[in-house]
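Asks: I am attaching a structure below and will ask some questions about it afterwards.
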Amino acid sequence: MNNKVAYAEVEQDDNNENIFPFCPVCGKATMELDEEENGKVTGCKHLEFIYVQEVNEFEYKSDQFKDRFNSIDFDEFELDNLKTTLETIGYTNSLLALEVTTNSIACGPSAFTSVFGFNYTN
Ligand SMILES: [Zn+2]
């Protein structure tokens, strides 16, 4: 039995279209842009969390994720230990974490990274 969280890293270019991933279980968009081009979470029940590295914060946490995550010391947390943190708080290979790095050339080359967690057992 594999108890490791499934973790995938992908890179994409910002093409001014929907840059947010879709749920691999049911196909729903995780986020959409509103009229002011702000991302708004539209996730389905499989969406466990959305982590934004730029601010080192979770944009979205499911109730289950909140309960589990509250049991650890957030000060110790950063992107580099996200996978091990997820395993520490009890997630297994039914969780897929998709680390998406988006390359943008809007104001000079830059990149930002977000991680989307999907729980196949939800
Ligand atoms: Zn879904």
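Note on naming: chains are A, B, ... as they come in the structure tokens, residues start from 1 per chain, ligands start from 1 in the order shown.
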Using only C-alpha atoms and all ligand atoms, determine which residues fall within 10 Å of ligand 1, then list them as JSON, numbers by chain.

Replies: {"A": [22, 23, 24, 25, 26, 27, 28, 29, 30, 43, 44, 45, 46, 47, 48, 118, 119, 120, 122]}

Asks: Can I get the selected residues back with N, CA, C and O atoms, as an mmCIF file, in the first residue's frame?

Replies:
data_model
loop_
_atom_site.group_PDB
_atom_site.id
_atom_site.type_symbol
_atom_site.label_atom_id
_atom_site.label_comp_id
_atom_site.auth_asym_id
_atom_site.auth_seq_id
_atom_site.Cartn_x
_atom_site.Cartn_y
_atom_site.Cartn_z
ATOM 1 N N PHE A 22 -8.223 22.319 -13.445
ATOM 2 C CA PHE A 22 -9.539 21.725 -13.247
ATOM 3 C C PHE A 22 -9.404 20.513 -12.337
ATOM 4 O O PHE A 22 -8.359 19.867 -12.306
ATOM 5 N N CYS A 23 -10.462 20.195 -11.635
ATOM 6 C CA CYS A 23 -10.449 19.035 -10.755
ATOM 7 C C CYS A 23 -10.278 17.765 -11.596
ATOM 8 O O CYS A 23 -11.030 17.544 -12.544
ATOM 9 N N PRO A 24 -9.272 16.921 -11.241
ATOM 10 C CA PRO A 24 -9.068 15.697 -12.028
ATOM 11 C C PRO A 24 -10.150 14.643 -11.780
ATOM 12 O O PRO A 24 -10.270 13.693 -12.538
ATOM 13 N N VAL A 25 -10.941 14.823 -10.746
ATOM 14 C CA VAL A 25 -11.986 13.838 -10.453
ATOM 15 C C VAL A 25 -13.269 14.171 -11.218
ATOM 16 O O VAL A 25 -13.837 13.312 -11.890
ATOM 17 N N CYS A 26 -13.716 15.403 -11.144
ATOM 18 C CA CYS A 26 -15.018 15.738 -11.753
ATOM 19 C C CYS A 26 -14.925 16.806 -12.832
ATOM 20 O O CYS A 26 -15.913 17.076 -13.519
ATOM 21 N N GLY A 27 -13.761 17.441 -12.999
ATOM 22 C CA GLY A 27 -13.574 18.366 -14.111
ATOM 23 C C GLY A 27 -13.994 19.804 -13.852
ATOM 24 O O GLY A 27 -13.936 20.641 -14.748
ATOM 25 N N LYS A 28 -14.384 20.124 -12.616
ATOM 26 C CA LYS A 28 -14.806 21.492 -12.329
ATOM 27 C C LYS A 28 -13.582 22.403 -12.175
ATOM 28 O O LYS A 28 -12.555 21.982 -11.641
ATOM 29 N N ALA A 29 -13.709 23.657 -12.610
ATOM 30 C CA ALA A 29 -12.611 24.618 -12.439
ATOM 31 C C ALA A 29 -12.410 24.910 -10.955
ATOM 32 O O ALA A 29 -13.382 25.014 -10.195
ATOM 33 N N THR A 30 -11.154 25.036 -10.550
ATOM 34 C CA THR A 30 -10.870 25.341 -9.139
ATOM 35 C C THR A 30 -11.102 26.810 -8.834
ATOM 36 O O THR A 30 -11.492 27.165 -7.727
ATOM 37 N N GLY A 43 -14.215 25.953 -6.312
ATOM 38 C CA GLY A 43 -13.894 24.526 -6.228
ATOM 39 C C GLY A 43 -15.051 23.625 -5.868
ATOM 40 O O GLY A 43 -16.008 24.035 -5.224
ATOM 41 N N CYS A 44 -14.902 22.381 -6.252
ATOM 42 C CA CYS A 44 -15.874 21.334 -5.973
ATOM 43 C C CYS A 44 -15.537 20.683 -4.639
ATOM 44 O O CYS A 44 -14.612 21.077 -3.947
ATOM 45 N N LYS A 45 -16.259 19.610 -4.314
ATOM 46 C CA LYS A 45 -16.035 18.938 -3.026
ATOM 47 C C LYS A 45 -14.684 18.223 -2.957
ATOM 48 O O LYS A 45 -14.228 17.867 -1.876
ATOM 49 N N HIS A 46 -14.049 17.974 -4.099
ATOM 50 C CA HIS A 46 -12.751 17.292 -4.085
ATOM 51 C C HIS A 46 -11.607 18.233 -3.734
ATOM 52 O O HIS A 46 -10.523 17.789 -3.390
ATOM 53 N N LEU A 47 -11.846 19.528 -3.869
ATOM 54 C CA LEU A 47 -10.784 20.500 -3.621
ATOM 55 C C LEU A 47 -10.495 20.561 -2.125
ATOM 56 O O LEU A 47 -11.380 20.847 -1.312
ATOM 57 N N GLU A 48 -9.259 20.258 -1.760
ATOM 58 C CA GLU A 48 -8.892 20.187 -0.347
ATOM 59 C C GLU A 48 -8.235 21.493 0.109
ATOM 60 O O GLU A 48 -8.479 21.957 1.209
ATOM 61 N N PHE A 118 -6.239 17.958 -4.275
ATOM 62 C CA PHE A 118 -7.490 17.293 -4.601
ATOM 63 C C PHE A 118 -7.579 15.986 -3.823
ATOM 64 O O PHE A 118 -6.635 15.185 -3.862
ATOM 65 N N ASN A 119 -8.710 15.786 -3.175
ATOM 66 C CA ASN A 119 -8.902 14.572 -2.396
ATOM 67 C C ASN A 119 -9.872 13.640 -3.119
ATOM 68 O O ASN A 119 -11.058 13.943 -3.251
ATOM 69 N N TYR A 120 -9.335 12.498 -3.580
ATOM 70 C CA TYR A 120 -10.158 11.567 -4.365
ATOM 71 C C TYR A 120 -11.210 10.852 -3.531
ATOM 72 O O TYR A 120 -12.106 10.233 -4.087
ATOM 73 N N ASN A 122 -13.128 12.391 -1.231
ATOM 74 C CA ASN A 122 -14.191 13.300 -0.804
ATOM 75 C C ASN A 122 -15.474 13.034 -1.595
ATOM 76 O O ASN A 122 -15.419 12.680 -2.756
#

Asks: Write down as a list in words the residues of chain A whose backbone DSSP state falls under helix (DSSP H, G or I).

Replies: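 Put together, the selection reads Gln53, Glu54, Val55, Asp63, Gln64, Phe65, Lys66, Asp67, Arg68, Phe69, Phe74, Asp75, Glu76, Leu79, Asp80, Asn81, Leu82, Lys83, Thr84, Thr85, Leu86, Glu87 and Thr88 of chain A.
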
Asks: Measure the distance from CA of Ala8 in chain A to CA of Thr101 in chain A in Å and round it to one decimal.

Replies: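 For CA of Ala8 in chain A relative to CA of Thr101 in chain A, the distance reads 11.1 Å.
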
Asks: If I take CA of Val5 in chain A and CA of Thr92 in chain A, how far is one from the other in Å, to one decimal?

Replies: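 If I compute the distance from CA of Val5 in chain A to CA of Thr92 in chain A, I get 4.7 Å.
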
Asks: Let me make sure I understand: among A:Ser62, A:Leu95, A:Ser104, A:Val115, which one has the smallest atom-to-atom distance to Leu79 in chain A if we use only C-alpha atoms?

Replies: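 Checking each candidate against Leu79 in chain A, we get A:Val115 as the closest.
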
Asks: Hey, what's within 8 Å of Asp14 in chain A if we count only C-alpha atoms and toss same-chain stuff fewer than 5 positions away? As a list in words, please?

Replies: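 Answer for this query is Ile19, Thr102, Asn103, Ser104 and Ile105 of chain A.
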
Asks: According to DSSP computed on the backbone, where in range 15-75 of chain A is there strand (DSSP E)? Give the residues as a list in words.

Replies: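 Matching residues, listed in order: Met31, Glu32, Leu33, Gly39, Lys40, Val41, Leu47, Glu48, Phe49, Ile50, Tyr51, Val52, Glu57, Phe58, Glu59, Tyr60 and Lys61 of chain A.
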